[in-house]
$ cat input.cif   # mmCIF, N, CA and C atoms
data_target
loop_
_atom_site.group_PDB
_atom_site.id
_atom_site.type_symbol
_atom_site.label_atom_id
_atom_site.label_comp_id
_atom_site.auth_asym_id
_atom_site.auth_seq_id
_atom_site.Cartn_x
_atom_site.Cartn_y
_atom_site.Cartn_z
ATOM 1 N N MET J 10 11.893 127.892 158.408
ATOM 2 C CA MET J 10 12.766 127.070 157.584
ATOM 3 C C MET J 10 12.570 127.391 156.114
ATOM 4 N N ARG J 11 11.306 127.539 155.727
ATOM 5 C CA ARG J 11 11.023 127.814 154.320
ATOM 6 C C ARG J 11 11.579 129.170 153.897
ATOM 7 N N SER J 12 11.453 130.197 154.755
ATOM 8 C CA SER J 12 11.963 131.520 154.396
ATOM 9 C C SER J 12 13.487 131.523 154.344
ATOM 10 N N ALA J 13 14.149 130.738 155.179
ATOM 11 C CA ALA J 13 15.607 130.644 155.132
ATOM 12 C C ALA J 13 16.046 129.997 153.822
ATOM 13 N N PHE J 14 15.324 128.973 153.383
ATOM 14 C CA PHE J 14 15.621 128.322 152.110
ATOM 15 C C PHE J 14 15.433 129.307 150.963
ATOM 16 N N SER J 15 14.331 130.059 150.980
ATOM 17 C CA SER J 15 14.061 131.043 149.922
ATOM 18 C C SER J 15 15.145 132.107 149.870
ATOM 19 N N ALA J 16 15.557 132.580 151.042
ATOM 20 C CA ALA J 16 16.598 133.611 151.090
ATOM 21 C C ALA J 16 17.922 133.068 150.544
ATOM 22 N N ALA J 17 18.257 131.834 150.910
ATOM 23 C CA ALA J 17 19.496 131.235 150.419
ATOM 24 C C ALA J 17 19.446 131.047 148.908
ATOM 25 N N PHE J 18 18.316 130.604 148.401
ATOM 26 C CA PHE J 18 18.148 130.412 146.962
ATOM 27 C C PHE J 18 18.298 131.737 146.222
ATOM 28 N N LEU J 19 17.671 132.796 146.753
ATOM 29 C CA LEU J 19 17.773 134.119 146.145
ATOM 30 C C LEU J 19 19.218 134.609 146.174
ATOM 31 N N ALA J 20 19.909 134.416 147.289
ATOM 32 C CA ALA J 20 21.296 134.862 147.401
ATOM 33 C C ALA J 20 22.176 134.154 146.382
ATOM 34 N N LEU J 21 21.978 132.843 146.224
ATOM 35 C CA LEU J 21 22.758 132.104 145.230
ATOM 36 C C LEU J 21 22.478 132.608 143.826
ATOM 37 N N GLY J 22 21.236 132.927 143.542
ATOM 38 C CA GLY J 22 20.873 133.461 142.231
ATOM 39 C C GLY J 22 21.537 134.794 141.960
ATOM 40 N N LEU J 23 21.560 135.662 142.964
ATOM 41 C CA LEU J 23 22.188 136.969 142.784
ATOM 42 C C LEU J 23 23.695 136.843 142.632
ATOM 43 N N VAL J 24 24.323 135.924 143.352
ATOM 44 C CA VAL J 24 25.755 135.699 143.199
ATOM 45 C C VAL J 24 26.048 135.209 141.793
ATOM 46 N N GLY J 25 25.181 134.364 141.264
ATOM 47 C CA GLY J 25 25.365 133.868 139.899
ATOM 48 C C GLY J 25 25.293 134.972 138.873
ATOM 49 N N LEU J 26 24.452 135.970 139.095
ATOM 50 C CA LEU J 26 24.319 137.086 138.161
ATOM 51 C C LEU J 26 25.484 138.069 138.268
ATOM 52 N N ALA J 27 26.150 138.108 139.401
ATOM 53 C CA ALA J 27 27.217 139.095 139.611
ATOM 54 C C ALA J 27 28.335 138.963 138.594
ATOM 55 N N GLY J 28 28.622 137.758 138.119
ATOM 56 C CA GLY J 28 29.714 137.576 137.174
ATOM 57 C C GLY J 28 29.293 137.671 135.720
ATOM 58 N N CYS J 29 28.023 137.928 135.463
ATOM 59 C CA CYS J 29 27.495 137.972 134.101
ATOM 60 C C CYS J 29 27.791 139.332 133.482
ATOM 61 N N THR J 30 28.505 139.362 132.365
ATOM 62 C CA THR J 30 28.854 140.635 131.738
ATOM 63 C C THR J 30 27.729 141.204 130.895
ATOM 64 N N ASN J 31 26.849 140.369 130.387
ATOM 65 C CA ASN J 31 25.745 140.844 129.549
ATOM 66 C C ASN J 31 24.445 140.212 130.029
ATOM 67 N N PRO J 32 23.655 140.944 130.846
ATOM 68 C CA PRO J 32 22.430 140.369 131.374
ATOM 69 C C PRO J 32 21.425 139.983 130.294
ATOM 70 N N ASN J 33 21.503 140.580 129.116
ATOM 71 C CA ASN J 33 20.574 140.224 128.051
ATOM 72 C C ASN J 33 20.802 138.799 127.559
ATOM 73 N N SER J 34 22.027 138.292 127.719
ATOM 74 C CA SER J 34 22.322 136.942 127.239
ATOM 75 C C SER J 34 21.645 135.870 128.078
ATOM 76 N N ILE J 35 21.195 136.217 129.276
ATOM 77 C CA ILE J 35 20.491 135.245 130.108
ATOM 78 C C ILE J 35 19.012 135.596 130.240
ATOM 79 N N GLY J 36 18.533 136.530 129.441
ATOM 80 C CA GLY J 36 17.118 136.848 129.419
ATOM 81 C C GLY J 36 16.696 137.994 130.319
ATOM 82 N N VAL J 37 17.617 138.627 131.030
ATOM 83 C CA VAL J 37 17.299 139.790 131.853
ATOM 84 C C VAL J 37 17.534 141.008 130.973
ATOM 85 N N GLN J 38 16.482 141.620 130.488
ATOM 86 C CA GLN J 38 16.636 142.718 129.542
ATOM 87 C C GLN J 38 16.991 144.024 130.247
ATOM 88 N N VAL J 39 18.122 144.602 129.873
ATOM 89 C CA VAL J 39 18.580 145.886 130.365
ATOM 90 C C VAL J 39 18.821 146.751 129.132
ATOM 91 N N PHE J 40 18.366 147.993 129.185
ATOM 92 C CA PHE J 40 18.395 148.840 128.000
ATOM 93 C C PHE J 40 19.063 150.181 128.278
ATOM 94 N N GLY J 41 19.449 150.840 127.207
ATOM 95 C CA GLY J 41 19.918 152.205 127.246
ATOM 96 C C GLY J 41 19.282 152.966 126.087
ATOM 97 N N THR J 42 19.336 154.277 126.138
ATOM 98 C CA THR J 42 18.846 155.119 125.049
ATOM 99 C C THR J 42 20.056 155.722 124.355
ATOM 100 N N VAL J 43 20.068 155.645 123.029
ATOM 101 C CA VAL J 43 21.212 156.124 122.252
ATOM 102 C C VAL J 43 20.762 157.246 121.329
ATOM 103 N N THR J 44 21.494 158.341 121.327
ATOM 104 C CA THR J 44 21.261 159.425 120.381
ATOM 105 C C THR J 44 22.325 159.324 119.297
ATOM 106 N N VAL J 45 21.876 159.249 118.055
ATOM 107 C CA VAL J 45 22.772 159.104 116.908
ATOM 108 C C VAL J 45 22.835 160.433 116.155
ATOM 109 N N HIS J 46 24.045 160.839 115.807
ATOM 110 C CA HIS J 46 24.278 162.050 115.016
ATOM 111 C C HIS J 46 24.918 161.620 113.700
ATOM 112 N N CYS J 47 24.247 161.841 112.594
ATOM 113 C CA CYS J 47 24.803 161.529 111.275
ATOM 114 C C CYS J 47 25.378 162.795 110.677
ATOM 115 N N VAL J 48 26.672 162.733 110.323
ATOM 116 C CA VAL J 48 27.351 163.891 109.745
ATOM 117 C C VAL J 48 28.145 163.458 108.521
ATOM 118 N N ARG J 49 28.375 164.408 107.625
ATOM 119 C CA ARG J 49 29.228 164.152 106.458
ATOM 120 C C ARG J 49 30.676 164.094 106.924
ATOM 121 N N ALA J 50 31.392 163.047 106.525
ATOM 122 C CA ALA J 50 32.801 162.900 106.906
ATOM 123 C C ALA J 50 33.642 164.038 106.331
ATOM 124 N N SER J 51 33.241 164.574 105.184
ATOM 125 C CA SER J 51 34.036 165.597 104.503
ATOM 126 C C SER J 51 34.067 166.931 105.238
ATOM 127 N N ASP J 52 32.945 167.319 105.869
ATOM 128 C CA ASP J 52 32.909 168.642 106.488
ATOM 129 C C ASP J 52 32.168 168.699 107.829
ATOM 130 N N GLY J 53 31.660 167.569 108.316
ATOM 131 C CA GLY J 53 30.979 167.543 109.611
ATOM 132 C C GLY J 53 29.570 168.096 109.615
ATOM 133 N N SER J 54 29.043 168.425 108.436
ATOM 134 C CA SER J 54 27.686 168.957 108.385
ATOM 135 C C SER J 54 26.659 167.838 108.625
ATOM 136 N N PRO J 55 25.514 168.175 109.230
ATOM 137 C CA PRO J 55 24.511 167.153 109.520
ATOM 138 C C PRO J 55 23.911 166.559 108.252
ATOM 139 N N VAL J 56 23.473 165.293 108.367
ATOM 140 C CA VAL J 56 22.824 164.602 107.255
ATOM 141 C C VAL J 56 21.367 164.355 107.640
ATOM 142 N N PRO J 57 20.456 165.226 107.161
ATOM 143 C CA PRO J 57 19.040 165.008 107.462
ATOM 144 C C PRO J 57 18.467 163.865 106.623
ATOM 145 N N ASN J 58 17.394 163.287 107.102
ATOM 146 C CA ASN J 58 16.652 162.238 106.380
ATOM 147 C C ASN J 58 17.471 160.984 106.096
ATOM 148 N N ALA J 59 18.474 160.709 106.916
ATOM 149 C CA ALA J 59 19.214 159.445 106.793
ATOM 150 C C ALA J 59 18.414 158.361 107.509
ATOM 151 N N ASN J 60 18.482 157.157 107.003
ATOM 152 C CA ASN J 60 17.876 156.007 107.677
ATOM 153 C C ASN J 60 18.956 155.336 108.502
ATOM 154 N N VAL J 61 18.688 155.169 109.797
ATOM 155 C CA VAL J 61 19.655 154.554 110.701
ATOM 156 C C VAL J 61 19.020 153.302 111.291
ATOM 157 N N ALA J 62 19.742 152.184 111.239
ATOM 158 C CA ALA J 62 19.241 150.917 111.764
ATOM 159 C C ALA J 62 20.226 150.346 112.777
ATOM 160 N N ALA J 63 19.658 149.749 113.836
ATOM 161 C CA ALA J 63 20.455 149.060 114.855
ATOM 162 C C ALA J 63 19.519 148.292 115.768
ATOM 163 N N ALA J 64 19.974 147.184 116.268
ATOM 164 C CA ALA J 64 19.241 146.395 117.266
ATOM 165 C C ALA J 64 17.810 146.089 116.825
ATOM 166 N N GLY J 65 17.634 145.834 115.533
ATOM 167 C CA GLY J 65 16.314 145.473 115.024
ATOM 168 C C GLY J 65 15.340 146.633 114.901
ATOM 169 N N LYS J 66 15.836 147.862 115.009
ATOM 170 C CA LYS J 66 14.994 149.051 114.889
ATOM 171 C C LYS J 66 15.579 149.971 113.828
ATOM 172 N N ALA J 67 14.739 150.823 113.258
ATOM 173 C CA ALA J 67 15.216 151.802 112.279
ATOM 174 C C ALA J 67 14.493 153.123 112.503
ATOM 175 N N PHE J 68 15.240 154.207 112.392
ATOM 176 C CA PHE J 68 14.688 155.543 112.559
ATOM 177 C C PHE J 68 15.307 156.457 111.513
ATOM 178 N N GLY J 69 14.607 157.523 111.182
ATOM 179 C CA GLY J 69 15.124 158.548 110.286
ATOM 180 C C GLY J 69 15.677 159.704 111.085
ATOM 181 N N THR J 70 16.709 160.348 110.527
ATOM 182 C CA THR J 70 17.272 161.509 111.214
ATOM 183 C C THR J 70 16.421 162.742 110.926
ATOM 184 N N ASP J 71 16.451 163.685 111.872
ATOM 185 C CA ASP J 71 15.718 164.935 111.723
ATOM 186 C C ASP J 71 16.536 165.924 110.891
ATOM 187 N N ALA J 72 16.105 167.161 110.839
ATOM 188 C CA ALA J 72 16.780 168.187 110.041
ATOM 189 C C ALA J 72 18.208 168.446 110.509
ATOM 190 N N ASN J 73 18.509 168.097 111.770
ATOM 191 C CA ASN J 73 19.848 168.286 112.321
ATOM 192 C C ASN J 73 20.695 167.022 112.263
ATOM 193 N N GLY J 74 20.208 165.989 111.585
ATOM 194 C CA GLY J 74 20.952 164.746 111.449
ATOM 195 C C GLY J 74 20.909 163.848 112.671
ATOM 196 N N ASN J 75 19.920 164.052 113.561
ATOM 197 C CA ASN J 75 19.838 163.300 114.804
ATOM 198 C C ASN J 75 18.685 162.305 114.803
ATOM 199 N N ALA J 76 18.898 161.172 115.463
ATOM 200 C CA ALA J 76 17.853 160.166 115.682
ATOM 201 C C ALA J 76 18.070 159.579 117.067
ATOM 202 N N THR J 77 16.980 159.242 117.749
ATOM 203 C CA THR J 77 17.064 158.657 119.088
ATOM 204 C C THR J 77 16.557 157.229 119.052
ATOM 205 N N PHE J 78 17.345 156.327 119.602
ATOM 206 C CA PHE J 78 16.987 154.915 119.708
ATOM 207 C C PHE J 78 16.686 154.595 121.168
ATOM 208 N N PRO J 79 15.412 154.427 121.529
ATOM 209 C CA PRO J 79 15.092 154.028 122.899
ATOM 210 C C PRO J 79 15.252 152.523 123.065
ATOM 211 N N GLN J 80 15.477 152.089 124.260
ATOM 212 C CA GLN J 80 15.534 150.676 124.641
ATOM 213 C C GLN J 80 16.467 149.835 123.760
ATOM 214 N N VAL J 81 17.715 150.269 123.656
ATOM 215 C CA VAL J 81 18.729 149.482 122.974
ATOM 216 C C VAL J 81 19.343 148.548 124.018
ATOM 217 N N PRO J 82 19.361 147.227 123.773
ATOM 218 C CA PRO J 82 19.909 146.294 124.760
ATOM 219 C C PRO J 82 21.394 146.541 125.023
ATOM 220 N N VAL J 83 21.821 146.322 126.274
ATOM 221 C CA VAL J 83 23.240 146.477 126.595
ATOM 222 C C VAL J 83 24.061 145.458 125.810
ATOM 223 N N GLY J 84 25.286 145.831 125.551
ATOM 224 C CA GLY J 84 26.187 144.984 124.782
ATOM 225 C C GLY J 84 26.599 145.683 123.506
ATOM 226 N N PRO J 85 27.344 145.001 122.649
ATOM 227 C CA PRO J 85 27.813 145.617 121.404
ATOM 228 C C PRO J 85 26.676 145.788 120.400
ATOM 229 N N VAL J 86 26.629 146.960 119.770
ATOM 230 C CA VAL J 86 25.590 147.273 118.779
ATOM 231 C C VAL J 86 26.254 147.965 117.597
ATOM 232 N N LEU J 87 25.858 147.576 116.387
ATOM 233 C CA LEU J 87 26.345 148.221 115.167
ATOM 234 C C LEU J 87 25.240 149.107 114.615
ATOM 235 N N PHE J 88 25.523 150.392 114.442
ATOM 236 C CA PHE J 88 24.587 151.339 113.839
ATOM 237 C C PHE J 88 24.972 151.506 112.372
ATOM 238 N N VAL J 89 23.998 151.380 111.477
ATOM 239 C CA VAL J 89 24.220 151.479 110.040
ATOM 240 C C VAL J 89 23.335 152.603 109.510
ATOM 241 N N ALA J 90 23.937 153.573 108.822
ATOM 242 C CA ALA J 90 23.196 154.709 108.295
ATOM 243 C C ALA J 90 23.334 154.784 106.780
ATOM 244 N N ASN J 91 22.231 155.129 106.131
ATOM 245 C CA ASN J 91 22.205 155.320 104.682
ATOM 246 C C ASN J 91 21.383 156.558 104.361
ATOM 247 N N ALA J 92 21.858 157.332 103.414
ATOM 248 C CA ALA J 92 21.136 158.490 102.887
ATOM 249 C C ALA J 92 21.463 158.539 101.402
ATOM 250 N N THR J 93 20.777 159.376 100.671
ATOM 251 C CA THR J 93 21.020 159.480 99.241
ATOM 252 C C THR J 93 22.499 159.769 98.986
ATOM 253 N N GLY J 94 23.186 158.795 98.387
ATOM 254 C CA GLY J 94 24.593 158.942 98.042
ATOM 255 C C GLY J 94 25.575 158.773 99.192
ATOM 256 N N LEU J 95 25.094 158.523 100.412
ATOM 257 C CA LEU J 95 25.984 158.429 101.573
ATOM 258 C C LEU J 95 25.719 157.164 102.380
ATOM 259 N N GLN J 96 26.761 156.707 103.065
ATOM 260 C CA GLN J 96 26.606 155.568 103.963
ATOM 261 C C GLN J 96 27.629 155.677 105.090
ATOM 262 N N GLY J 97 27.351 154.995 106.200
ATOM 263 C CA GLY J 97 28.298 154.982 107.308
ATOM 264 C C GLY J 97 27.880 153.986 108.366
ATOM 265 N N THR J 98 28.830 153.559 109.161
ATOM 266 C CA THR J 98 28.562 152.651 110.264
ATOM 267 C C THR J 98 29.354 153.097 111.485
ATOM 268 N N GLN J 99 28.861 152.708 112.640
ATOM 269 C CA GLN J 99 29.587 152.959 113.885
ATOM 270 C C GLN J 99 29.155 151.915 114.898
ATOM 271 N N SER J 100 30.114 151.264 115.523
ATOM 272 C CA SER J 100 29.773 150.306 116.569
ATOM 273 C C SER J 100 30.027 150.939 117.931
ATOM 274 N N VAL J 101 29.222 150.508 118.901
ATOM 275 C CA VAL J 101 29.329 151.024 120.262
ATOM 276 C C VAL J 101 28.888 149.917 121.208
ATOM 277 N N THR J 102 29.421 149.920 122.403
ATOM 278 C CA THR J 102 28.982 148.981 123.421
ATOM 279 C C THR J 102 28.095 149.737 124.397
ATOM 280 N N ILE J 103 26.849 149.311 124.479
ATOM 281 C CA ILE J 103 25.883 149.944 125.372
ATOM 282 C C ILE J 103 26.102 149.395 126.777
ATOM 283 N N VAL J 104 26.206 150.292 127.755
ATOM 284 C CA VAL J 104 26.436 149.927 129.146
ATOM 285 C C VAL J 104 25.204 150.330 129.954
ATOM 286 N N GLN J 105 24.815 149.476 130.895
ATOM 287 C CA GLN J 105 23.652 149.769 131.723
ATOM 288 C C GLN J 105 23.818 151.110 132.420
ATOM 289 N N GLY J 106 22.781 151.924 132.377
ATOM 290 C CA GLY J 106 22.776 153.218 133.035
ATOM 291 C C GLY J 106 23.400 154.339 132.220
ATOM 292 N N ALA J 107 23.968 154.026 131.061
ATOM 293 C CA ALA J 107 24.582 155.050 130.218
ATOM 294 C C ALA J 107 23.691 155.300 129.006
ATOM 295 N N ASN J 108 23.629 156.525 128.571
ATOM 296 C CA ASN J 108 22.871 156.909 127.383
ATOM 297 C C ASN J 108 23.822 157.615 126.426
ATOM 298 N N PRO J 109 24.569 156.831 125.652
ATOM 299 C CA PRO J 109 25.631 157.417 124.833
ATOM 300 C C PRO J 109 25.128 158.167 123.599
ATOM 301 N N ASP J 110 25.951 159.087 123.155
ATOM 302 C CA ASP J 110 25.781 159.734 121.864
ATOM 303 C C ASP J 110 26.737 159.038 120.900
ATOM 304 N N VAL J 111 26.243 158.742 119.702
ATOM 305 C CA VAL J 111 27.037 158.061 118.685
ATOM 306 C C VAL J 111 27.062 158.950 117.450
ATOM 307 N N THR J 112 28.249 159.227 116.936
ATOM 308 C CA THR J 112 28.381 159.998 115.707
ATOM 309 C C THR J 112 28.771 159.049 114.578
ATOM 310 N N ILE J 113 27.998 159.103 113.502
ATOM 311 C CA ILE J 113 28.290 158.299 112.325
ATOM 312 C C ILE J 113 28.823 159.226 111.237
ATOM 313 N N GLN J 114 30.080 158.988 110.847
ATOM 314 C CA GLN J 114 30.708 159.741 109.775
ATOM 315 C C GLN J 114 30.262 159.116 108.459
ATOM 316 N N MET J 115 29.469 159.841 107.691
ATOM 317 C CA MET J 115 28.924 159.287 106.436
ATOM 318 C C MET J 115 29.775 159.713 105.260
ATOM 319 N N GLN J 116 30.039 158.736 104.372
ATOM 320 C CA GLN J 116 30.872 158.959 103.191
ATOM 321 C C GLN J 116 30.100 158.543 101.950
ATOM 322 N N PRO J 117 30.531 159.018 100.779
ATOM 323 C CA PRO J 117 29.864 158.603 99.542
ATOM 324 C C PRO J 117 29.933 157.089 99.356
ATOM 325 N N HIS J 118 28.889 156.540 98.735
ATOM 326 C CA HIS J 118 28.868 155.109 98.402
ATOM 327 C C HIS J 118 30.034 154.791 97.479
ATOM 328 N N ASN J 119 30.596 153.620 97.642
ATOM 329 C CA ASN J 119 31.670 153.173 96.737
ATOM 330 C C ASN J 119 31.109 152.401 95.584
#
$ encode --input "input.cif" --output "structure tokens"
Amino acid sequence: MRSAFSAAFLALGLVGLAGCTNPNSIGVQVFGTVTVHCVRASDGSPVPNANVAAAGKAFGTDANGNATFPQVPVGPVLFVANATGLQGTQSVTIVQGANPDVTIQMQPHN
């Protein structure tokens, strides 16, 4: 009897999660890894040493304008990049099981 109750309780819990679009909103942390490419909007050349921030984390780009963000929670995320004289943003929705590449077109500061 007890195991039947436990199984029913578990089944109800899983059915409740099936309709949830963002598991992070209920405390079930699901993550993806995002690779960010910072490029100049004018010519597409890489922007090295840019600071990129998103999801409470910040990383610098390498010589090729790339930075990797591990464990980004699923859902909408805004990436903000700044470098000497340049800035850019790009939003993306992180989906469970996907590891997207994000390109940030950087333009001169206004």
$ residues_around --input "input.cif" --residues "Pro117 in chain J" --least-positions-apart "4" --cutoff "10 Å" --atoms "only C-alpha atoms" --output "list in words"
Arg49, Ala50, Ser51, Asn91, Ala92, Thr93, Gly94, Leu95, Gln96 and Gly97 of chain J
$ resolve_selection --input "input.cif" --expression "the PyMOL selection byres (((chain J and resi 61 and name CA) around 7) and name CA)" --output "JSON, numbers by chain"
{"J": [59, 60, 62, 63, 67, 68, 69, 88, 89, 90, 91]}
$ atom_distance --input "input.cif" --atom1 "CA of Thr70 in chain J" --atom2 "CA of Gly84 in chain J"
23.2 Å
$ closest_residue --input "input.cif" --among "J:Ser54, J:Thr98, J:Gln80, J:Asn73" --to "Gln116 in chain J" --atoms "only N, CA and C atoms"
J:Thr98
$ atom_distance --input "input.cif" --atom1 "CA of Phe78 in chain J" --atom2 "CA of Asn119 in chain J"
27.3 Å
$ resolve_selection --input "input.cif" --expression "the PyMOL selection byres ((chain J and resi 76) around 6)" --output "ChimeraX atom specification"
/J:43-46,69-71,74-75,77-78
$ residues_around --input "input.cif" --residues "Thr42 in chain J" --least-positions-apart "3" --cutoff "12 Å" --atoms "only C-alpha atoms" --output "ChimeraX atom specification"
/J:39,45,63-64,76-83,102-111
$ atom_distance --input "input.cif" --atom1 "CA of Val56 in chain J" --atom2 "CA of Ser100 in chain J"
18.4 Å
$ decode --input "input.cif" --residues "range 84-105 of chain J" --atoms "N, CA, C and O atoms" --output "PDB file, in the first residue's frame"
ATOM      1  N   GLY J  84      16.098  29.456 -20.201  1.00  0.00           N
ATOM      2  CA  GLY J  84      15.215  30.614 -20.207  1.00  0.00           C
ATOM      3  C   GLY J  84      15.879  31.773 -20.916  1.00  0.00           C
ATOM      4  O   GLY J  84      16.972  31.652 -21.472  1.00  0.00           O
ATOM      5  N   PRO J  85      15.240  32.932 -20.921  1.00  0.00           N
ATOM      6  CA  PRO J  85      15.799  34.097 -21.615  1.00  0.00           C
ATOM      7  C   PRO J  85      16.999  34.673 -20.866  1.00  0.00           C
ATOM      8  O   PRO J  85      16.983  34.774 -19.637  1.00  0.00           O
ATOM      9  N   VAL J  86      18.051  34.995 -21.616  1.00  0.00           N
ATOM     10  CA  VAL J  86      19.279  35.556 -21.037  1.00  0.00           C
ATOM     11  C   VAL J  86      19.744  36.701 -21.926  1.00  0.00           C
ATOM     12  O   VAL J  86      19.743  36.585 -23.158  1.00  0.00           O
ATOM     13  N   LEU J  87      20.160  37.800 -21.303  1.00  0.00           N
ATOM     14  CA  LEU J  87      20.718  38.940 -22.030  1.00  0.00           C
ATOM     15  C   LEU J  87      22.225  38.949 -21.830  1.00  0.00           C
ATOM     16  O   LEU J  87      22.707  38.971 -20.697  1.00  0.00           O
ATOM     17  N   PHE J  88      22.982  38.915 -22.920  1.00  0.00           N
ATOM     18  CA  PHE J  88      24.441  39.007 -22.880  1.00  0.00           C
ATOM     19  C   PHE J  88      24.826  40.450 -23.187  1.00  0.00           C
ATOM     20  O   PHE J  88      24.344  41.032 -24.170  1.00  0.00           O
ATOM     21  N   VAL J  89      25.680  41.034 -22.353  1.00  0.00           N
ATOM     22  CA  VAL J  89      26.113  42.419 -22.499  1.00  0.00           C
ATOM     23  C   VAL J  89      27.633  42.419 -22.623  1.00  0.00           C
ATOM     24  O   VAL J  89      28.328  41.872 -21.755  1.00  0.00           O
ATOM     25  N   ALA J  90      28.152  43.024 -23.690  1.00  0.00           N
ATOM     26  CA  ALA J  90      29.588  43.060 -23.926  1.00  0.00           C
ATOM     27  C   ALA J  90      30.087  44.499 -23.990  1.00  0.00           C
ATOM     28  O   ALA J  90      29.427  45.368 -24.557  1.00  0.00           O
ATOM     29  N   ASN J  91      31.257  44.715 -23.407  1.00  0.00           N
ATOM     30  CA  ASN J  91      31.916  46.019 -23.440  1.00  0.00           C
ATOM     31  C   ASN J  91      33.400  45.817 -23.700  1.00  0.00           C
ATOM     32  O   ASN J  91      34.012  44.901 -23.144  1.00  0.00           O
ATOM     33  N   ALA J  92      33.959  46.671 -24.526  1.00  0.00           N
ATOM     34  CA  ALA J  92      35.397  46.707 -24.789  1.00  0.00           C
ATOM     35  C   ALA J  92      35.746  48.177 -24.972  1.00  0.00           C
ATOM     36  O   ALA J  92      34.857  49.029 -25.077  1.00  0.00           O
ATOM     37  N   THR J  93      37.014  48.483 -25.026  1.00  0.00           N
ATOM     38  CA  THR J  93      37.434  49.865 -25.190  1.00  0.00           C
ATOM     39  C   THR J  93      36.774  50.464 -26.432  1.00  0.00           C
ATOM     40  O   THR J  93      37.002  50.012 -27.546  1.00  0.00           O
ATOM     41  N   GLY J  94      35.883  51.430 -26.206  1.00  0.00           N
ATOM     42  CA  GLY J  94      35.203  52.123 -27.292  1.00  0.00           C
ATOM     43  C   GLY J  94      34.053  51.366 -27.940  1.00  0.00           C
ATOM     44  O   GLY J  94      33.433  51.880 -28.865  1.00  0.00           O
ATOM     45  N   LEU J  95      33.759  50.144 -27.493  1.00  0.00           N
ATOM     46  CA  LEU J  95      32.716  49.334 -28.128  1.00  0.00           C
ATOM     47  C   LEU J  95      31.737  48.777 -27.101  1.00  0.00           C
ATOM     48  O   LEU J  95      32.108  48.545 -25.940  1.00  0.00           O
ATOM     49  N   GLN J  96      30.516  48.534 -27.564  1.00  0.00           N
ATOM     50  CA  GLN J  96      29.521  47.896 -26.708  1.00  0.00           C
ATOM     51  C   GLN J  96      28.543  47.113 -27.579  1.00  0.00           C
ATOM     52  O   GLN J  96      28.402  47.386 -28.768  1.00  0.00           O
ATOM     53  N   GLY J  97      27.863  46.144 -26.968  1.00  0.00           N
ATOM     54  CA  GLY J  97      26.856  45.383 -27.697  1.00  0.00           C
ATOM     55  C   GLY J  97      26.071  44.489 -26.764  1.00  0.00           C
ATOM     56  O   GLY J  97      26.525  44.174 -25.666  1.00  0.00           O
ATOM     57  N   THR J  98      24.891  44.111 -27.188  1.00  0.00           N
ATOM     58  CA  THR J  98      24.053  43.200 -26.426  1.00  0.00           C
ATOM     59  C   THR J  98      23.419  42.190 -27.372  1.00  0.00           C
ATOM     60  O   THR J  98      23.267  42.455 -28.578  1.00  0.00           O
ATOM     61  N   GLN J  99      23.061  41.054 -26.815  1.00  0.00           N
ATOM     62  CA  GLN J  99      22.328  40.046 -27.580  1.00  0.00           C
ATOM     63  C   GLN J  99      21.534  39.201 -26.600  1.00  0.00           C
ATOM     64  O   GLN J  99      22.088  38.718 -25.617  1.00  0.00           O
ATOM     65  N   SER J 100      20.256  39.032 -26.864  1.00  0.00           N
ATOM     66  CA  SER J 100      19.450  38.163 -26.012  1.00  0.00           C
ATOM     67  C   SER J 100      19.239  36.828 -26.713  1.00  0.00           C
ATOM     68  O   SER J 100      19.211  36.751 -27.945  1.00  0.00           O
ATOM     69  N   VAL J 101      19.117  35.785 -25.894  1.00  0.00           N
ATOM     70  CA  VAL J 101      18.919  34.434 -26.409  1.00  0.00           C
ATOM     71  C   VAL J 101      18.113  33.662 -25.375  1.00  0.00           C
ATOM     72  O   VAL J 101      18.169  33.963 -24.184  1.00  0.00           O
ATOM     73  N   THR J 102      17.352  32.698 -25.826  1.00  0.00           N
ATOM     74  CA  THR J 102      16.632  31.825 -24.915  1.00  0.00           C
ATOM     75  C   THR J 102      17.371  30.496 -24.867  1.00  0.00           C
ATOM     76  O   THR J 102      17.514  29.826 -25.895  1.00  0.00           O
ATOM     77  N   ILE J 103      17.849  30.155 -23.685  1.00  0.00           N
ATOM     78  CA  ILE J 103      18.584  28.909 -23.491  1.00  0.00           C
ATOM     79  C   ILE J 103      17.573  27.778 -23.344  1.00  0.00           C
ATOM     80  O   ILE J 103      16.620  27.880 -22.570  1.00  0.00           O
ATOM     81  N   VAL J 104      17.772  26.701 -24.100  1.00  0.00           N
ATOM     82  CA  VAL J 104      16.885  25.547 -24.090  1.00  0.00           C
ATOM     83  C   VAL J 104      17.663  24.353 -23.539  1.00  0.00           C
ATOM     84  O   VAL J 104      18.843  24.179 -23.863  1.00  0.00           O
ATOM     85  N   GLN J 105      16.997  23.547 -22.719  1.00  0.00           N
ATOM     86  CA  GLN J 105      17.649  22.378 -22.142  1.00  0.00           C
ATOM     87  C   GLN J 105      18.212  21.486 -23.238  1.00  0.00           C
ATOM     88  O   GLN J 105      17.564  21.217 -24.234  1.00  0.00           O
TER      89      GLN J 105
END
